[in-house]
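Colleague: Quick one: this structure, given as structure tokens, is what I'll be asking you about.
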There are 2 protein chains.
Amino acid sequence: MDSNVTMEKIVSLAKRRGFVFQSSEIYGGQAGAWDYGPMGVELKNRIARFWWKEMTQLHDDIVGLDAAILMHPRTWEASGHVENFTDPLVDCKKCKQRFRADMIPEENLKAKKCPECGGELTDTRKFNLMFKTHIGPVEDDSGAGTLYLRPETAQGIYVNYKNIIQSNRMKIPFGIAQIGKAFRNEIVTKNFIFRSCEFEQMEMQFFVHPGEDDKWFEYWREQRWHYFEKMGIHMDKLRWHRHGPEELAFYAKDAYDIEYEFPMGFKELEGVHNRTNYDLTRHQQFSGKDLQYIDQENGNERYIPYIIETSAGLTRELLMVLCDSYEDQKVADKGNDDDWRTVLHIHPNLAPVTVAVLPLMKKDGLAELAKDIRQELKEEFATDYDQSGAIGRRYRRQDEVGTPFCVTVDYQSKEDNTVTVRFRDSMEQIRVPRAELEAKIKEAIKNYKRV
Amino acid sequence: MDSNVTMEKIVSLAKRRGFVFQSSEIYGGQAGAWDYGPMGVELKNRIARFWWKEMTQLHDDIVGLDAAILMHPRTWEASGHVENFTDPLVDCKKCKQRFRADMIPEENLKAKKCPECGGELTDTRKFNLMFKTHIGPVEDDSGAGTLYLRPETAQGIYVNYKNIIQSNRMKIPFGIAQIGKAFRNEIVTKNFIFRSCEFEQMEMQFFVHPGEDDKWFEYWREQRWHYFEKMGIHMDKLRWHRHGPEELAFYAKDAYDIEYEFPMGFKELEGVHNRTNYDLTRHQQFSGKDLQYIDQENGNERYIPYIIETSAGLTRELLMVLCDSYEDQKVADKGNDDDWRTVLHIHPNLAPVTVAVLPLMKKDGLAELAKDIRQELKEEFATDYDQSGAIGRRYRRQDEVGTPFCVTVDYQSKEDNTVTVRFRDSMEQIRVPRAELEAKIKEAIKNYKRV
């Protein structure tokens with residue numbers, strides 16, 4: 001990451017180049033929600049696929065799941081969310097402002113004095129962060145038909161764990177991975193897409209024998225750290241934060257966060273948690289179903305498994321990739337704007353566009369030849385085509401969205417069927433026969449080293 | 001599709017083998033919602049990727065988007081959903097049952113007589129199908145903070161169309177593609193996952209010059225028909241249904257559905273609609289923003305583009321793939337259960353597992369060798385490993401989830417480093433050197449022809 005990267009630069013680039021837009025912008029925007037534009041959705045999809053492949057395809061004992069957002073409301077009683085998933089709020093009786101009690105100075109809270117106007121504050125009350133909705137034709141006071149938008153994806157995994165053991169013959173230890181949206185009625189949303197009301201999680205729940213939880217906890221801490229290395233993130237920007245006694249959920253045995261140094265400081269990216277057998281025990285109790293695992297290879301031993309959770313934020317990882325790859329780089333010394341380029345050093349596997357094909361000129365058949373080459377490449381790669389403006393400006397446009405390879409078609413191309421490949425990070429250009437282009441690009445992706 | 005396929009068989013297979021579970025089953029199930037198990041999520045992801053690649057990567061003038069589910073509520077006033085997205089309902093005053101007015105015999109409705117008990121019916125009233133929720137800490141009667149879960153993904157595209165033109169330099173004609181969840185408070189959900197309250201859409205909105213809409217409408221009808229061919233669907237199970245004057249939305253100029261012959265009859269799979277300039281005109285009116293396109297290459301001509309929409313259901317396509325690929329096939333004549341196999345002839349690009357590696361025996365190092373081969377394949381393919389039970393039964397298990405290739409490791413493998421590849425559809429087996437295995441499988445995927 002460029003030491004000069006700021007949230008302002010990221011937000012501006014994200015809007016300008018189609019990574020992230022304010023939701024419903026033409027209506028003044030919807031607070032807490034964001035829309036992912038053409039570049040953003042490609043980056044997000046690629047991060048999701050990278051995580052999914054890493055967690056399911058490359059781990060023998062993990063299978064996937066996609067549970068519904070609308071779950072049976074008893075789920076959230078069992079999980080404790082109905083009772084405990086709350087923020088403490090206070091109101092000022094005078095200026096009518098509302099505050100999170102844990103975010104105003106303690107002396108104000110004690111004296112019940114508004115930090116803004118000095119007026120009297122109400123008592124602290126609990127505000128549940130789950131979005132409520134209602135299913136069925138009649139909404140009445142009985143609460144029948146009340147549903148919640150899931151505030152986390154994990155519970156969808158827990159309620160399905162027995163189904164999955166049966167249908168897919170899973171044996172402990174095994175894991176279930178899921179990517180999906182979750183919703184929280186956050187009063188304070190901030191830091192761009194870092195904290196929003198609608199977001200995407202990538203969670204994996206690993207079911208283990210109660211005596212083996214510590215071992216697997218360490219295993220998954222290692223695995224998850226290694227994941228960011230593989231992603232090409234600057235590892236010196238990451239750190240572990242272990243939950244202290246005050247932070248640790250009462251049912252958790254141990255918990256570590258992986259934090260990334262965003263422009264606004266170190267912030268949580270992912271949690272690795274030993275959730276013990278709490279969740280399954282509660283679901284067993286609330287559903288009346290036997291959720292014990294039966295170990296047929298071990299004298300039919302029965303137990304409620306312990307769960308090691310790895311819980312990552314997809315939209316947070318997208319923000320991390322933008323911040324981590326951003327650079328304002330000096331590339332010349334002519335004393336004008338062209339001395340600098342903005343470049344995203346995104347790993348080629350994650351970049352929204354892999355190859356841009358650029359004819360040096362529109363005329364003399366170069367555009368047609370370039371389009372023809374794009375046609376050849378697009379079955380294998382996400383491609384772009386750009387014929388407008390000076391070639392230098394077109395390179396800069398591709399740099400700004402992180403396109404790792406630009407293929408330029410020039411007059412020599414017409415003569416000897418070669419093109420130039422320009423590499424984003426080094427800006428080096430090499431001449432490649434058209435017939436070897438696909439293989440050359442694949443090789444460069446495979447051998448990519450982060451600068 | 002096997003002429004003997006029934007919804008019962010599909011539902012049973014889907015549950016038994018981990019394609020689709022009832023949502024929150026341990027709590028008695030959540031009506032209208034379904035969970036996609038290990039096989040289901042892989043199949044769904046592959047259909048989504050296939051559509052996405054087809055619509056964005058392979059079409060030069062289409063880019064992607066992922067808009068939020070929670071949009072500004074004015075969106076749904078502009079779109080007409082607040083006013084018109086309703087079902088007509090009647091109640092029986094005597095037996096308290098509720099009916100959709102358009103689903104009970106007309107004579108009952110006219111006579112206001114309950115079709116169940118003969119009691120008196122109420123007047124018909126409109127019931128809005130949008131799920132409502134509330135954002136922010138206080139829910140009051142003013143309606144402030146009321147949000148809807150989007151009932152369709154299309155509006156997210158319309159409100160972003162200008163942003164995308166700017167950020168991605170799009171020129172008409174161009175399209176925006178989106179995959180995402182939508183929610184409808186359906187009173188009658190039925191036919192398994194065919195009609196549910198939570199579902200996934202794959203929509204593409206194509207923006208064209210008003211005079212060119214008919215041409216592009218035909219283009220997209222052709223493209224979308226061809227898509228199912230490419231997917232390997234039995235084309236004789238598909239048909240076009242043109243909307244008659246009674247079905248056609250008042251703002252639409254023309255509309256065709258692609259219908260698939262499910263076991264319960266021909267049902268809508270996808271719609272191709274000429275939505276005219278209605279949606280953008282309404283959003284311009286309700287937002288006060290100028291949503292005209294400015295054609296800089298054509299004397300700065302200004303106009304509200306016409307929109308050709310292709311709107312498909314991802315979860316419906318999954319149901320179609322299951323039904324279309326299902327076969328109960330007689331493979332022997334010994335007079336017992338083993339004479340038959342259940343097989344899913346899913347296209348190898350869509351199958352949840354691509355390659356299963358099976359050691360003939362667990363002993364004599366065959367299991368180790370097989371695991372080693374799986375390790376080699378799993379970077380490239382979604383693999384499974386199964387060592388339990390007779391080899392014939394293991395083939396059948398793979399057939400049932402549509403695994404196109406089984407690699408069997410036997411005693412000869414230890415001697416000459418060859419394995420057998422068994423093809424799902426033909427059950428043919430060939431011997432392949434281990435070093436050529438990956439290439440052989442890739443070739444077979446490329447050359448796959450649907451039986």
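Here, A, B, ... name the chains of the structure tokens in the order displayed, residue numbers run from 1 inside each chain, and ligands are numbered from 1 in the same displayed order.
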Would you mind listing what lies within 7 Å of stretch 284-291 of chain B as a list of chain:residue names, with only C-alpha atoms counted and same-chain residues fewer than 6 positions away left out?

Modeller: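 These residues fall inside the cut-off: A:Ile26, A:Tyr27, B:Ala78, B:Lys162, B:Ile304.
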
Colleague: Just C-alpha atoms for this one: save the residues we selected as a short mmCIF file (atom, residue, chain, number, x, y, z; two decimals), in the first residue's frame.

Modeller:
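Generated output (selection-v7.cif):
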```
data_model
loop_
_atom_site.label_atom_id
_atom_site.label_comp_id
_atom_site.auth_asym_id
_atom_site.auth_seq_id
_atom_site.Cartn_x
_atom_site.Cartn_y
_atom_site.Cartn_z
CA ILE A 26 -30.55 9.30 -7.69
CA TYR A 27 -32.89 9.32 -4.68
CA ALA B 78 -41.46 5.06 -9.14
CA LYS B 162 -26.21 6.84 -15.50
CA ILE B 304 -34.59 8.14 -22.76
#
```

Colleague: Apply DSSP to the backbone of this structure and, from stretch 135-263 of chain B, keep only the residues in helix (DSSP H, G or I); write these as a PyMOL selection string.

Modeller: chain B and resi 154-168+210-230+235-237

Colleague: Looking only at strand (DSSP E or B) from DSSP on the backbone, list the matching residues of stretch 49-241 of chain B as a ChimeraX atom specification.

Modeller: /B:62-66,70,86-92,98-100,113,120-121,125-128,132-134,146-149,174-183,190,195,198-208,238-241

Colleague: As a list of chain:residue names, please: the residues near A:Arg239 (cut-off 8 Å, only C-alpha atoms, same-chain neighbours under 3 positions excluded).

Modeller: A:Asp236, A:Ile258, A:Glu259, A:Tyr260

Colleague: For the residues in that selection, give me C-alpha atoms as an mmCIF file, in the first residue's frame.

Modeller:
```
data_model
loop_
_atom_site.group_PDB
_atom_site.id
_atom_site.type_symbol
_atom_site.label_atom_id
_atom_site.label_comp_id
_atom_site.auth_asym_id
_atom_site.auth_seq_id
_atom_site.Cartn_x
_atom_site.Cartn_y
_atom_site.Cartn_z
ATOM 1 C CA ASP A 236 3.174 -6.451 7.310
ATOM 2 C CA ILE A 258 -7.066 -10.812 11.854
ATOM 3 C CA GLU A 259 -6.788 -7.057 11.521
ATOM 4 C CA TYR A 260 -5.676 -5.076 8.499
#
```

Colleague: Give me the residues near B:Leu89 as number ranges by chain, where near means some atom within 8 Å (using only C-alpha atoms) and where sequence neighbours in that chain fewer than 2 positions away do not count.

Modeller: B: 87, 91, 98-101, 124-127

Colleague: I need the residues from that last selection saved to file as an mmCIF file, in the first residue's frame (with N, CA, C and O atoms), if you can.

Modeller:
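What ended up in again_12.cif:
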```
data_model
loop_
_atom_site.group_PDB
_atom_site.id
_atom_site.type_symbol
_atom_site.label_atom_id
_atom_site.label_comp_id
_atom_site.auth_asym_id
_atom_site.auth_seq_id
_atom_site.Cartn_x
_atom_site.Cartn_y
_atom_site.Cartn_z
ATOM 1 N N ASP B 87 -51.681 -8.859 -4.805
ATOM 2 C CA ASP B 87 -52.577 -9.983 -5.083
ATOM 3 C C ASP B 87 -53.955 -9.619 -4.536
ATOM 4 O O ASP B 87 -54.053 -9.004 -3.470
ATOM 5 N N ASP B 91 -61.506 -13.073 2.272
ATOM 6 C CA ASP B 91 -61.595 -13.917 3.464
ATOM 7 C C ASP B 91 -62.994 -14.493 3.561
ATOM 8 O O ASP B 91 -63.973 -13.857 3.147
ATOM 9 N N ARG B 98 -58.519 -17.879 3.919
ATOM 10 C CA ARG B 98 -58.164 -16.779 3.015
ATOM 11 C C ARG B 98 -57.861 -17.339 1.634
ATOM 12 O O ARG B 98 -57.198 -18.362 1.503
ATOM 13 N N PHE B 99 -58.326 -16.669 0.575
ATOM 14 C CA PHE B 99 -58.123 -17.161 -0.789
ATOM 15 C C PHE B 99 -57.615 -16.045 -1.686
ATOM 16 O O PHE B 99 -57.879 -14.874 -1.451
ATOM 17 N N ARG B 100 -56.873 -16.458 -2.721
ATOM 18 C CA ARG B 100 -56.575 -15.492 -3.780
ATOM 19 C C ARG B 100 -57.788 -15.422 -4.672
ATOM 20 O O ARG B 100 -58.242 -16.440 -5.212
ATOM 21 N N ALA B 101 -58.311 -14.215 -4.831
ATOM 22 C CA ALA B 101 -59.583 -14.048 -5.543
ATOM 23 C C ALA B 101 -59.512 -14.591 -6.964
ATOM 24 O O ALA B 101 -60.504 -15.085 -7.504
ATOM 25 N N THR B 124 -63.105 -8.189 -2.110
ATOM 26 C CA THR B 124 -61.716 -8.416 -2.513
ATOM 27 C C THR B 124 -60.872 -7.213 -2.093
ATOM 28 O O THR B 124 -61.286 -6.072 -2.276
ATOM 29 N N ARG B 125 -59.718 -7.497 -1.481
ATOM 30 C CA ARG B 125 -58.832 -6.367 -1.184
ATOM 31 C C ARG B 125 -57.432 -6.674 -1.705
ATOM 32 O O ARG B 125 -57.062 -7.831 -1.901
ATOM 33 N N LYS B 126 -56.698 -5.597 -1.934
ATOM 34 C CA LYS B 126 -55.354 -5.732 -2.497
ATOM 35 C C LYS B 126 -54.339 -6.012 -1.389
ATOM 36 O O LYS B 126 -54.313 -5.321 -0.371
ATOM 37 N N PHE B 127 -53.495 -7.003 -1.626
ATOM 38 C CA PHE B 127 -52.449 -7.329 -0.659
ATOM 39 C C PHE B 127 -51.098 -7.153 -1.341
ATOM 40 O O PHE B 127 -50.788 -7.822 -2.325
#
```

Colleague: Quick one: residues within 7 Å of A:Tyr385, only C-alpha atoms, excluding same-chain residues fewer than 4 positions away - as a list in words?

Modeller: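 That gives Ala356, Val357 and Leu358 of chain A.
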
Colleague: Would you pick out the contacts of stretch 15-23 of chain A at 6 Å or less, using only C-alpha atoms, so that residues sharing its chain but fewer than 2 positions from it are not included, and give the list as JSON, numbers by chain?

Modeller: {"A": [12, 13, 25, 29, 30, 33, 34, 35, 36, 37, 38, 39, 40], "B": [167]}

Colleague: I'd like the neighbourhood of stretch 186-199 of chain B as a VMD selection string, where a residue qualifies if any of its atoms comes within 10 Å (using only C-alpha atoms), though same-chain residues fewer than 4 positions away should be ignored.

Modeller: (chain A and resid 68 to 70 135 to 137) or (chain B and resid 7 to 8 10 to 11 20 22 31 to 35 86 to 87 89 98 to 100 127 to 131 149 151 to 152 180 to 182 262 to 264 267 to 269 313 to 320)

Colleague: Any idea what the distance is between atom CA of A:Gln429 and atom CA of A:Pro352?

Modeller: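 For atom CA of A:Gln429 relative to atom CA of A:Pro352, the distance reads 21.2 Å.
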
Colleague: Pick out the closest residue to chain B from this set: A:Leu248, A:Val419, A:Val401, A:Leu322. Count only C-alpha atoms.

Modeller: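 Of all the options, A:Val401 lies closest to chain B.
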
Colleague: From the set B:Asn298, B:Asn160, B:Ser79, B:Thr146, which residue has the shortest atom-to-atom contact distance to B:Tyr278, counting only C-alpha atoms?

Modeller: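 The answer is B:Ser79, which sits nearest to B:Tyr278.
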
Colleague: Using only C-alpha atoms, can you tell me which of A:Val355, A:Gly232, A:Thr342, A:Leu280 comes closest to A:Lys449?

Modeller: A:Gly232

Colleague: Of the residues B:His72, B:Lys362, B:Arg431, B:His243, which is the one nearest to chain A, using only C-alpha atoms?

Modeller: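 Ranking B:His72, B:Lys362, B:Arg431, B:His243 by distance to chain A, first place goes to B:His72.
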
Colleague: Find the residue from A:Lys96, A:Arg422, A:Lys171, A:Arg184 that sits nearest to chain B; use only C-alpha atoms when measuring.

Modeller: A:Arg184

Colleague: Which is closer to chain B than all the others in A:Asn84, A:Asn336, A:Thr383, A:Thr354, using only C-alpha atoms?

Modeller: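 Smallest separation from chain B among the options: A:Thr383.
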